[in-house]
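Engineer: Below is the structure I would like to discuss, written out as structure tokens.
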Amino acid sequence: MDKLNTLVIEDDPLFRKVMASTLGLCEAPAGARSSAKGAGTLAGHAIDFAENAAVAKEKLEKDHYDLCFIDLKLGDRDNYSGLKLIALARSKGIYSVVMSSHDTEPFIQKAYELGCDDFYAKGNEDNNVSQVLARFWQKREKSKEENIFKERFITEDSATKLAIGEALKYAPSDLPILILGPSGAGKTSLARLVHDFSRRKGEFVAINCSAYTEDLLEAELFGYKKGAFTGANETRKGKLLLADRGTLFLDEIGAMSLKMQTKLLKAIEEKTFYPVGSDIPETSSFRVISATLEDLQCLINEGRLRFDFFQRIHGLTIRLKPLSERKDDIFPLISFFTKQGRRLSFTQEAKTELLGYNWPGSVRELKKLADLLMAGEEGRVQAETVKRLLNSLRPEEGASGFATDEQYRFALRQGLNEAVDRFIDGIVETGLKAHNNRKYATMRDLGISSRMLYDSLKRLNVPLRKSTRRKPPVPITSIDTATATGRISVPEALRSGTAAISNVNSIEVKEEVVA
Amino acid sequence: MTANQTEILEQLIHDVNSKCASLKSAAALLKNVSDQERRELLELMAQQAEKLTKVIAAYKDQ
């Protein structure tokens with residue numbers, strides 16, 4: 001929390017003393033981000049005093065204050081000069097509180113008309129001041145958060161605001177944060193925001209764990225010594241060390257191998273680690289924020305995420321909704337993306353088109369669209385333009401972009417053979433569900449052989465029922481010939497390049513099977 | 001009562017109110033502060049009580 005500057009304008013020395021003691025003793029409201037020194041109280045904040053109107057005016061004009069307590073009558077012969085000071089304080093954006101024994105209706109009305117935020121009658125300071133401060137904190141937090149949602153993480157969705165507010169509440173702590181959400185939902189933006197609000201002196205260091213093989217990830221995270229491996233021509237600092245006194249953001253942690261999780265767990269717990277090829281330990285004090293788009297429970301159940309590692313990284317879990325679930329954010333986001341460039345306007349039909357789209361790429365996809373629209377010909381955007389550009393953003397079926405990021409990471413981890421099997425099993429399972437477990441219909445629609453189906457069912461642990469009747473096999477050719485005769489499996493045929501993964505549904509089936 | 005007398009009375013009420021309010025708040029603080037601060041508060045409270053007496057005496061004189 002920033003250090004607060006408070007000015008108390010009061011002519012009575014006893015009351016000045018009362019205010020000094022009361023402000024020093026007041027509890028900050030729960031959730032208020034407190035400074036180390038003044039945690040839980042306002043004791044660590046600066047309190048300044050002015051005993052008459054002239055001094056108060058000078059201080060208000062010259063210095064910076066966040067909060068100001070104003071007595072209306074400053075001296076025996078004073079003509080309520082405190083009233084004039086309200087207007088001055090408000091013009092400086094200071095939260096102004098009138099404390100006066102002149103608490104009759106005309107004075108209260110006048111003070112509020114001049115812009116004071118609070119008014120209370122003197123004599124019950126221990127109760128009133130704490131309530132005033134609670135209202136001050138509330139207003140300040142609200143105003144800060146509103147700025148965040150307009151400038152840093154654009155959203156009008158109340159659940160998303162709540163989630164981000166929760167994350168920011170813990171920003172100054174060392175608590176690890178785990179951010180869950182689909183690709184493009186803003187996980188990295190939130191991690192950076194938390195870092196910026198953490199008051200950590202070090203850097204925000206991000207790494208996408210899915211972008212590296214295990215060895216490379218180790219070198220990236222822990223750094224390496226010159227000559228540690230082929231290509232290590234110089235000693236290099238790892239991300240852990242670069243994040244010293246800062247934040248280490250581990251994106252796509254689901255892609256990290258178990259071995260790497262073990263190594264990282266140790267480094268997180270001990271804040272000490274060995275760079276690759278070095279026997280001299282390095283020390284780094286970093287806060288961990290991690291993110292994944294995958295289902296955590298699934299990762300743990302499948303044994304892809306160590307439970308102890310999970311426990312270490314999930315102090316606070318924040319879920320970010322995809323754009324499809326917070327469509328009220330579409331236009332504020334477009335407005336934000338186009339802020340520095342060409343401003344756009346949408347026809348009603350274009351708006352309907354944008355709101356009707358399900359945004360599989362979430363905010364990232366919207367950003368791409370905004371960039372395309374800014375570079376386009378229309379300032380007033382038509383529905384047809386939106387449709388055309390959204391189509392251009394979608395990956396074409398069967399194109400090289402067919403494999404998802406998650407599939408690619410799985411292949412990196414488990415090998416392509418496993419990835420192909422997993423892909424086939426997923427398709428087979430979906431096909432069976434669509435056909436009420438009717439195998440023939442599934443094979444026919446997917447265009448696969450019985451062998452491929454049964455291999456998949458075996459991997460899926462689906463109990464196999466023996467066939468009651470069997471039709472004689474008809475001659476088969478090409479890829480199915482090889483698979484049906486058992487020379488190679490269909491996945492192998494796919495792997496060997498005989499068929500592309502995206503063309504699974506184009507393999508011709510010439511074998512008829514009745515299960 | 002003349003307008004002037006009313007004004008003087010209003011002024012007195014405010015002064016008494018204001019000073020009593022300080023005394024009340026200071027008294028409420030006494031149990032929660034350090035010995036040093038308590039001494040300072042008591043001294044200021046005594047001065048305040050004196051001022052209060054003077055204000056009332058001045059009104060009587062008028």
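Every chain in the structure tokens takes a letter, A first, then B, and so on in the order presented; its residues are numbered from 1, and the ligands are numbered from 1 following the presented order.
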Excluding same-chain residues fewer than 6 positions from Asp71 (chain A), what lies within 12 Å of it counting only C-alpha atoms, as a ChimeraX atom specification?

Structural biologist: /A:7-12,15-16,19,49-53,56,78-86,96-103,107,111,116,119-122 /B:18

Engineer: Any chance you can output those residues with N, CA and C atoms as a short mmCIF file (atom, residue, chain, number, x, y, z; two decimals), in the first residue's frame?

Structural biologist:
```cif
data_model
loop_
_atom_site.label_atom_id
_atom_site.label_comp_id
_atom_site.auth_asym_id
_atom_site.auth_seq_id
_atom_site.Cartn_x
_atom_site.Cartn_y
_atom_site.Cartn_z
N LEU A 7 -3.89 15.12 6.46
CA LEU A 7 -3.80 16.45 7.07
C LEU A 7 -5.00 16.66 8.00
N VAL A 8 -4.69 17.07 9.23
CA VAL A 8 -5.75 17.38 10.19
C VAL A 8 -5.74 18.89 10.41
N ILE A 9 -6.85 19.53 10.05
CA ILE A 9 -6.94 20.99 10.20
C ILE A 9 -7.78 21.27 11.44
N GLU A 10 -7.13 21.73 12.49
CA GLU A 10 -7.80 21.83 13.79
C GLU A 10 -7.08 22.86 14.64
N ASP A 11 -7.86 23.79 15.22
CA ASP A 11 -7.23 24.83 16.04
C ASP A 11 -7.05 24.40 17.50
N ASP A 12 -7.83 23.45 17.95
CA ASP A 12 -7.80 23.03 19.36
C ASP A 12 -6.65 22.03 19.60
N PHE A 15 -7.69 18.59 20.69
CA PHE A 15 -8.30 17.79 19.63
C PHE A 15 -7.25 17.30 18.62
N ARG A 16 -6.22 18.12 18.40
CA ARG A 16 -5.13 17.66 17.51
C ARG A 16 -4.48 16.42 18.10
N MET A 19 -6.73 13.45 17.68
CA MET A 19 -6.68 12.92 16.30
C MET A 19 -5.39 12.15 16.03
N PHE A 49 -0.43 18.36 10.59
CA PHE A 49 -1.45 19.19 11.24
C PHE A 49 -1.35 20.64 10.79
N ALA A 50 -2.50 21.31 10.76
CA ALA A 50 -2.54 22.74 10.49
C ALA A 50 -3.46 23.35 11.55
N GLU A 51 -2.97 24.39 12.24
CA GLU A 51 -3.75 24.91 13.37
C GLU A 51 -4.64 26.10 12.99
N ASN A 52 -4.44 26.61 11.77
CA ASN A 52 -5.35 27.68 11.33
C ASN A 52 -5.53 27.63 9.82
N ALA A 53 -6.44 28.46 9.32
CA ALA A 53 -6.82 28.40 7.90
C ALA A 53 -5.65 28.74 6.97
N ALA A 56 -3.27 25.86 6.79
CA ALA A 56 -3.95 24.76 6.08
C ALA A 56 -3.96 25.02 4.57
N ASP A 78 -12.97 33.11 14.12
CA ASP A 78 -12.97 32.63 12.73
C ASP A 78 -14.39 32.52 12.17
N ASN A 79 -14.51 32.85 10.89
CA ASN A 79 -15.84 32.82 10.26
C ASN A 79 -16.00 31.56 9.40
N TYR A 80 -15.89 30.44 10.05
CA TYR A 80 -16.07 29.13 9.39
C TYR A 80 -15.20 28.99 8.14
N SER A 81 -13.93 29.31 8.27
CA SER A 81 -13.03 29.22 7.11
C SER A 81 -12.82 27.78 6.66
N GLY A 82 -13.16 26.82 7.54
CA GLY A 82 -13.06 25.42 7.16
C GLY A 82 -13.89 25.10 5.92
N LEU A 83 -15.00 25.84 5.76
CA LEU A 83 -15.86 25.60 4.60
C LEU A 83 -15.11 25.84 3.29
N LYS A 84 -14.32 26.93 3.29
CA LYS A 84 -13.56 27.25 2.07
C LYS A 84 -12.50 26.19 1.79
N LEU A 85 -11.98 25.63 2.87
CA LEU A 85 -10.92 24.62 2.70
C LEU A 85 -11.47 23.31 2.10
N ILE A 86 -12.75 23.05 2.31
CA ILE A 86 -13.36 21.84 1.73
C ILE A 86 -13.20 21.88 0.21
N SER A 96 -12.17 14.35 1.73
CA SER A 96 -12.33 15.39 2.76
C SER A 96 -13.39 15.02 3.78
N VAL A 97 -12.99 15.14 5.03
CA VAL A 97 -13.89 14.80 6.14
C VAL A 97 -14.06 16.02 7.03
N VAL A 98 -15.30 16.40 7.26
CA VAL A 98 -15.54 17.52 8.18
C VAL A 98 -15.85 16.94 9.55
N MET A 99 -15.18 17.48 10.54
CA MET A 99 -15.45 17.08 11.93
C MET A 99 -15.75 18.38 12.66
N SER A 100 -16.97 18.49 13.16
CA SER A 100 -17.33 19.77 13.74
C SER A 100 -18.40 19.62 14.80
N SER A 101 -18.42 20.59 15.71
CA SER A 101 -19.50 20.63 16.68
C SER A 101 -20.67 21.38 16.07
N HIS A 102 -20.40 22.04 14.94
CA HIS A 102 -21.48 22.72 14.21
C HIS A 102 -22.14 21.69 13.29
N ASP A 103 -22.86 20.79 13.88
CA ASP A 103 -23.45 19.72 13.05
C ASP A 103 -24.95 19.92 12.87
N PHE A 107 -25.19 23.57 8.18
CA PHE A 107 -23.75 23.33 8.03
C PHE A 107 -23.47 22.01 7.31
N ALA A 111 -21.59 21.79 3.74
CA ALA A 111 -20.33 21.03 3.62
C ALA A 111 -20.42 19.99 2.49
N CYS A 116 -17.57 17.75 0.43
CA CYS A 116 -16.91 16.88 1.42
C CYS A 116 -17.45 15.45 1.28
N PHE A 119 -18.96 13.63 7.03
CA PHE A 119 -19.20 14.67 8.04
C PHE A 119 -19.56 13.96 9.33
N TYR A 120 -18.88 14.27 10.40
CA TYR A 120 -19.30 13.71 11.68
C TYR A 120 -19.13 14.75 12.79
N ALA A 121 -19.96 14.56 13.85
CA ALA A 121 -19.89 15.49 14.99
C ALA A 121 -18.78 15.05 15.92
N LYS A 122 -18.01 16.01 16.38
CA LYS A 122 -16.90 15.71 17.29
C LYS A 122 -17.42 15.07 18.59
N SER B 18 -17.83 22.12 21.72
CA SER B 18 -16.58 21.76 21.06
C SER B 18 -15.53 21.29 22.08
#
```

Engineer: When you get a sec, could you note down which chain B residues fall within 9 Å of chain A, using only C-alpha atoms, as a PDB file with N, CA, C and O atoms, in the first residue's frame?

Structural biologist:
```pdb
ATOM      1  N   GLN B  11     -22.767  31.168  20.258  1.00  0.00           N
ATOM      2  CA  GLN B  11     -21.299  31.057  20.274  1.00  0.00           C
ATOM      3  C   GLN B  11     -20.829  30.270  21.499  1.00  0.00           C
ATOM      4  O   GLN B  11     -19.971  29.385  21.412  1.00  0.00           O
ATOM      5  N   HIS B  14     -21.592  26.576  21.165  1.00  0.00           N
ATOM      6  CA  HIS B  14     -20.605  25.933  20.288  1.00  0.00           C
ATOM      7  C   HIS B  14     -19.283  25.701  21.006  1.00  0.00           C
ATOM      8  O   HIS B  14     -18.707  24.613  20.954  1.00  0.00           O
ATOM      9  N   ASP B  15     -18.807  26.753  21.687  1.00  0.00           N
ATOM     10  CA  ASP B  15     -17.521  26.642  22.386  1.00  0.00           C
ATOM     11  C   ASP B  15     -17.556  25.541  23.443  1.00  0.00           C
ATOM     12  O   ASP B  15     -16.620  24.742  23.541  1.00  0.00           O
ATOM     13  N   ASN B  17     -19.698  23.029  23.628  1.00  0.00           N
ATOM     14  CA  ASN B  17     -19.850  21.744  22.920  1.00  0.00           C
ATOM     15  C   ASN B  17     -18.519  21.230  22.409  1.00  0.00           C
ATOM     16  O   ASN B  17     -18.155  20.075  22.592  1.00  0.00           O
ATOM     17  N   SER B  18     -17.833  22.116  21.718  1.00  0.00           N
ATOM     18  CA  SER B  18     -16.581  21.761  21.063  1.00  0.00           C
ATOM     19  C   SER B  18     -15.527  21.295  22.080  1.00  0.00           C
ATOM     20  O   SER B  18     -14.855  20.283  21.891  1.00  0.00           O
ATOM     21  N   LYS B  19     -15.414  22.077  23.158  1.00  0.00           N
ATOM     22  CA  LYS B  19     -14.392  21.743  24.162  1.00  0.00           C
ATOM     23  C   LYS B  19     -14.761  20.471  24.920  1.00  0.00           C
ATOM     24  O   LYS B  19     -13.893  19.658  25.251  1.00  0.00           O
ATOM     25  N   CYS B  20     -16.054  20.310  25.189  1.00  0.00           N
ATOM     26  CA  CYS B  20     -16.486  19.073  25.871  1.00  0.00           C
ATOM     27  C   CYS B  20     -16.253  17.850  24.981  1.00  0.00           C
ATOM     28  O   CYS B  20     -15.909  16.769  25.459  1.00  0.00           O
ATOM     29  N   ALA B  21     -16.469  18.058  23.665  1.00  0.00           N
ATOM     30  CA  ALA B  21     -16.266  16.950  22.724  1.00  0.00           C
ATOM     31  C   ALA B  21     -14.806  16.487  22.760  1.00  0.00           C
ATOM     32  O   ALA B  21     -14.515  15.279  22.787  1.00  0.00           O
ATOM     33  N   SER B  22     -13.875  17.461  22.773  1.00  0.00           N
ATOM     34  CA  SER B  22     -12.446  17.132  22.848  1.00  0.00           C
ATOM     35  C   SER B  22     -12.151  16.365  24.129  1.00  0.00           C
ATOM     36  O   SER B  22     -11.430  15.370  24.129  1.00  0.00           O
ATOM     37  N   LEU B  23     -12.726  16.866  25.228  1.00  0.00           N
ATOM     38  CA  LEU B  23     -12.483  16.225  26.530  1.00  0.00           C
ATOM     39  C   LEU B  23     -13.022  14.786  26.534  1.00  0.00           C
ATOM     40  O   LEU B  23     -12.368  13.867  27.017  1.00  0.00           O
ATOM     41  N   LYS B  24     -14.196  14.620  25.950  1.00  0.00           N
ATOM     42  CA  LYS B  24     -14.821  13.299  25.922  1.00  0.00           C
ATOM     43  C   LYS B  24     -13.953  12.316  25.100  1.00  0.00           C
ATOM     44  O   LYS B  24     -13.675  11.198  25.536  1.00  0.00           O
ATOM     45  N   SER B  25     -13.511  12.795  23.943  1.00  0.00           N
ATOM     46  CA  SER B  25     -12.686  11.919  23.083  1.00  0.00           C
ATOM     47  C   SER B  25     -11.338  11.616  23.735  1.00  0.00           C
ATOM     48  O   SER B  25     -10.830  10.496  23.649  1.00  0.00           O
ATOM     49  N   ALA B  26     -10.782  12.646  24.390  1.00  0.00           N
ATOM     50  CA  ALA B  26      -9.491  12.449  25.058  1.00  0.00           C
ATOM     51  C   ALA B  26      -9.642  11.449  26.200  1.00  0.00           C
ATOM     52  O   ALA B  26      -8.789  10.558  26.383  1.00  0.00           O
ATOM     53  N   ALA B  28     -11.777   9.074  26.412  1.00  0.00           N
ATOM     54  CA  ALA B  28     -11.952   7.725  25.842  1.00  0.00           C
ATOM     55  C   ALA B  28     -10.620   7.111  25.449  1.00  0.00           C
ATOM     56  O   ALA B  28     -10.452   5.880  25.458  1.00  0.00           O
ATOM     57  N   LEU B  29      -9.667   7.987  25.111  1.00  0.00           N
ATOM     58  CA  LEU B  29      -8.358   7.486  24.657  1.00  0.00           C
ATOM     59  C   LEU B  29      -7.452   7.040  25.808  1.00  0.00           C
ATOM     60  O   LEU B  29      -6.564   6.217  25.619  1.00  0.00           O
ATOM     61  N   ASN B  32      -6.123   3.506  26.432  1.00  0.00           N
ATOM     62  CA  ASN B  32      -5.422   2.772  25.367  1.00  0.00           C
ATOM     63  C   ASN B  32      -4.052   3.324  24.989  1.00  0.00           C
ATOM     64  O   ASN B  32      -3.475   2.901  23.998  1.00  0.00           O
ATOM     65  N   VAL B  33      -3.582   4.309  25.721  1.00  0.00           N
ATOM     66  CA  VAL B  33      -2.321   4.941  25.297  1.00  0.00           C
ATOM     67  C   VAL B  33      -1.182   4.700  26.313  1.00  0.00           C
ATOM     68  O   VAL B  33      -1.423   4.247  27.428  1.00  0.00           O
ATOM     69  N   GLU B  37       2.015   9.316  26.706  1.00  0.00           N
ATOM     70  CA  GLU B  37       0.922   9.939  25.971  1.00  0.00           C
ATOM     71  C   GLU B  37      -0.224  10.312  26.930  1.00  0.00           C
ATOM     72  O   GLU B  37      -0.880  11.337  26.771  1.00  0.00           O
ATOM     73  N   GLU B  40       0.603  13.542  28.575  1.00  0.00           N
ATOM     74  CA  GLU B  40       0.396  14.672  27.647  1.00  0.00           C
ATOM     75  C   GLU B  40      -1.085  14.983  27.498  1.00  0.00           C
ATOM     76  O   GLU B  40      -1.500  16.147  27.519  1.00  0.00           O
ATOM     77  N   LEU B  41      -1.877  13.925  27.379  1.00  0.00           N
ATOM     78  CA  LEU B  41      -3.319  14.118  27.219  1.00  0.00           C
ATOM     79  C   LEU B  41      -3.923  14.789  28.461  1.00  0.00           C
ATOM     80  O   LEU B  41      -4.719  15.730  28.343  1.00  0.00           O
ATOM     81  N   LEU B  44      -3.163  18.460  28.564  1.00  0.00           N
ATOM     82  CA  LEU B  44      -3.988  19.207  27.612  1.00  0.00           C
ATOM     83  C   LEU B  44      -5.451  19.264  28.065  1.00  0.00           C
ATOM     84  O   LEU B  44      -6.140  20.269  27.864  1.00  0.00           O
ATOM     85  N   MET B  45      -5.892  18.192  28.689  1.00  0.00           N
ATOM     86  CA  MET B  45      -7.279  18.148  29.183  1.00  0.00           C
ATOM     87  C   MET B  45      -7.472  19.181  30.301  1.00  0.00           C
ATOM     88  O   MET B  45      -8.514  19.860  30.358  1.00  0.00           O
ATOM     89  N   GLN B  47      -5.787  21.939  30.623  1.00  0.00           N
ATOM     90  CA  GLN B  47      -5.805  23.267  29.979  1.00  0.00           C
ATOM     91  C   GLN B  47      -7.175  23.529  29.347  1.00  0.00           C
ATOM     92  O   GLN B  47      -7.703  24.641  29.409  1.00  0.00           O
ATOM     93  N   GLN B  48      -7.712  22.480  28.766  1.00  0.00           N
ATOM     94  CA  GLN B  48      -9.016  22.604  28.107  1.00  0.00           C
ATOM     95  C   GLN B  48     -10.100  22.952  29.142  1.00  0.00           C
ATOM     96  O   GLN B  48     -10.956  23.792  28.878  1.00  0.00           O
TER      97      GLN B  48
END
```

Engineer: Would you work out the distance separating CA of Ile289 (chain A) from CA of Ala206 (chain A), expressed in Å to one decimal?

Structural biologist: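 Separating CA of Ile289 (chain A) from CA of Ala206 (chain A) is a distance of 9.2 Å.
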
Engineer: Write out as a ChimeraX atom specification all residues of region 171-336 of chain A that DSSP puts in strand (DSSP E or B) for this structure's backbone.

Structural biologist: /A:177-180,204-208,223-224,236-237,247-251,272-273,276,282-283,287-292,316-319

Engineer: Where in region 162-386 of chain A does DSSP assign helix (DSSP H, G or I), given as JSON, numbers by chain?

Structural biologist: {"A": [162, 163, 164, 165, 166, 167, 168, 169, 187, 188, 189, 190, 191, 192, 193, 194, 195, 196, 209, 210, 211, 214, 215, 216, 217, 218, 219, 220, 221, 222, 239, 240, 241, 242, 253, 254, 255, 258, 259, 260, 261, 262, 263, 264, 265, 266, 267, 268, 269, 270, 296, 297, 298, 299, 300, 301, 307, 308, 309, 310, 311, 312, 313, 323, 324, 325, 327, 328, 329, 330, 331, 332, 333, 334, 335, 336, 337, 348, 349, 350, 351, 352, 353, 354, 355, 356, 362, 363, 364, 365, 366, 367, 368, 369, 370, 371, 372, 373, 374, 375, 383, 384, 385, 386]}

Engineer: Neighbouring residues of region 92-94 of chain A were defined as those with any atom within 8 Å, considering only C-alpha atoms; residues of the same chain fewer than 4 positions away were excluded. Please report them as a list of chain:residue names.

Structural biologist: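 So, after excluding close chain neighbours, the residues are A:Leu60, A:Tyr65, A:Asp66, A:Leu67, A:Cys68, A:Leu88.
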
Engineer: Taking all heavy atoms for each residue, export the selection above as a PDB file, in the first residue's frame.

Structural biologist:
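Final file, part.pdb:
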```pdb
ATOM      1  N   LEU A  60      -2.220  22.639   1.865  1.00  0.00           N
ATOM      2  CA  LEU A  60      -3.046  21.979   0.848  1.00  0.00           C
ATOM      3  C   LEU A  60      -2.569  22.337  -0.561  1.00  0.00           C
ATOM      4  O   LEU A  60      -2.612  21.510  -1.474  1.00  0.00           O
ATOM      5  CB  LEU A  60      -4.523  22.382   1.002  1.00  0.00           C
ATOM      6  CG  LEU A  60      -5.296  21.718   2.138  1.00  0.00           C
ATOM      7  CD1 LEU A  60      -6.664  22.362   2.309  1.00  0.00           C
ATOM      8  CD2 LEU A  60      -5.458  20.215   1.906  1.00  0.00           C
ATOM      9  N   TYR A  65      -1.749  15.395  -0.223  1.00  0.00           N
ATOM     10  CA  TYR A  65      -2.471  14.652   0.823  1.00  0.00           C
ATOM     11  C   TYR A  65      -3.513  13.736   0.187  1.00  0.00           C
ATOM     12  O   TYR A  65      -4.043  14.028  -0.886  1.00  0.00           O
ATOM     13  CB  TYR A  65      -3.167  15.612   1.798  1.00  0.00           C
ATOM     14  CG  TYR A  65      -2.191  16.479   2.553  1.00  0.00           C
ATOM     15  CD1 TYR A  65      -1.947  17.786   2.153  1.00  0.00           C
ATOM     16  CD2 TYR A  65      -1.494  15.988   3.650  1.00  0.00           C
ATOM     17  CE1 TYR A  65      -1.024  18.593   2.822  1.00  0.00           C
ATOM     18  CE2 TYR A  65      -0.573  16.783   4.334  1.00  0.00           C
ATOM     19  CZ  TYR A  65      -0.348  18.070   3.907  1.00  0.00           C
ATOM     20  OH  TYR A  65       0.564  18.849   4.580  1.00  0.00           O
ATOM     21  N   ASP A  66      -3.759  12.610   0.871  1.00  0.00           N
ATOM     22  CA  ASP A  66      -4.787  11.679   0.413  1.00  0.00           C
ATOM     23  C   ASP A  66      -6.087  11.892   1.174  1.00  0.00           C
ATOM     24  O   ASP A  66      -7.167  11.637   0.654  1.00  0.00           O
ATOM     25  CB  ASP A  66      -4.325  10.231   0.658  1.00  0.00           C
ATOM     26  CG  ASP A  66      -3.002   9.958  -0.003  1.00  0.00           C
ATOM     27  OD1 ASP A  66      -2.978   9.831  -1.231  1.00  0.00           O
ATOM     28  OD2 ASP A  66      -1.970   9.896   0.718  1.00  0.00           O
ATOM     29  N   LEU A  67      -5.936  12.325   2.418  1.00  0.00           N
ATOM     30  CA  LEU A  67      -7.065  12.392   3.327  1.00  0.00           C
ATOM     31  C   LEU A  67      -6.935  13.669   4.155  1.00  0.00           C
ATOM     32  O   LEU A  67      -5.828  14.042   4.547  1.00  0.00           O
ATOM     33  CB  LEU A  67      -6.973  11.150   4.220  1.00  0.00           C
ATOM     34  CG  LEU A  67      -8.003  10.864   5.276  1.00  0.00           C
ATOM     35  CD1 LEU A  67      -9.376  10.738   4.667  1.00  0.00           C
ATOM     36  CD2 LEU A  67      -7.652   9.562   5.992  1.00  0.00           C
ATOM     37  N   CYS A  68      -8.069  14.324   4.392  1.00  0.00           N
ATOM     38  CA  CYS A  68      -8.003  15.579   5.126  1.00  0.00           C
ATOM     39  C   CYS A  68      -9.184  15.684   6.094  1.00  0.00           C
ATOM     40  O   CYS A  68     -10.334  15.490   5.691  1.00  0.00           O
ATOM     41  CB  CYS A  68      -8.039  16.723   4.106  1.00  0.00           C
ATOM     42  SG  CYS A  68      -7.926  18.327   4.819  1.00  0.00           S
ATOM     43  N   LEU A  88     -11.142  23.599  -1.573  1.00  0.00           N
ATOM     44  CA  LEU A  88      -9.739  23.501  -1.988  1.00  0.00           C
ATOM     45  C   LEU A  88      -9.260  22.042  -1.942  1.00  0.00           C
ATOM     46  O   LEU A  88      -8.616  21.556  -2.883  1.00  0.00           O
ATOM     47  CB  LEU A  88      -8.872  24.386  -1.073  1.00  0.00           C
ATOM     48  CG  LEU A  88      -7.363  24.347  -1.304  1.00  0.00           C
ATOM     49  CD1 LEU A  88      -7.012  24.768  -2.739  1.00  0.00           C
ATOM     50  CD2 LEU A  88      -6.624  25.243  -0.315  1.00  0.00           C
TER      51      LEU A  88
END
```

Engineer: Residues at most 12 Å from Thr347 (chain A), counting only C-alpha atoms, excluding those fewer than 4 positions away in the same chain, as a PyMOL selection string?

Structural biologist: chain A and resi 351-354+378-386

Engineer: Using C-alpha atoms, can you write the selected residues to a file as a PDB file, in the first residue's frame?

Structural biologist:
```pdb
ATOM      1  CA  LYS A 351     -22.274  -6.192 -33.296  1.00  0.00           C
ATOM      2  CA  THR A 352     -24.687  -9.132 -33.432  1.00  0.00           C
ATOM      3  CA  GLU A 353     -22.106 -11.097 -35.382  1.00  0.00           C
ATOM      4  CA  LEU A 354     -19.401 -10.380 -32.786  1.00  0.00           C
ATOM      5  CA  GLU A 378     -13.817   0.336 -43.061  1.00  0.00           C
ATOM      6  CA  GLY A 379     -14.064   2.637 -40.094  1.00  0.00           C
ATOM      7  CA  ARG A 380     -17.732   1.766 -39.792  1.00  0.00           C
ATOM      8  CA  VAL A 381     -17.512  -2.018 -39.686  1.00  0.00           C
ATOM      9  CA  GLN A 382     -20.147  -4.119 -41.473  1.00  0.00           C
ATOM     10  CA  ALA A 383     -21.317  -7.607 -40.515  1.00  0.00           C
ATOM     11  CA  GLU A 384     -19.887  -9.098 -43.705  1.00  0.00           C
ATOM     12  CA  THR A 385     -16.418  -7.832 -42.833  1.00  0.00           C
ATOM     13  CA  VAL A 386     -16.646  -9.340 -39.357  1.00  0.00           C
TER      14      VAL A 386
END
```
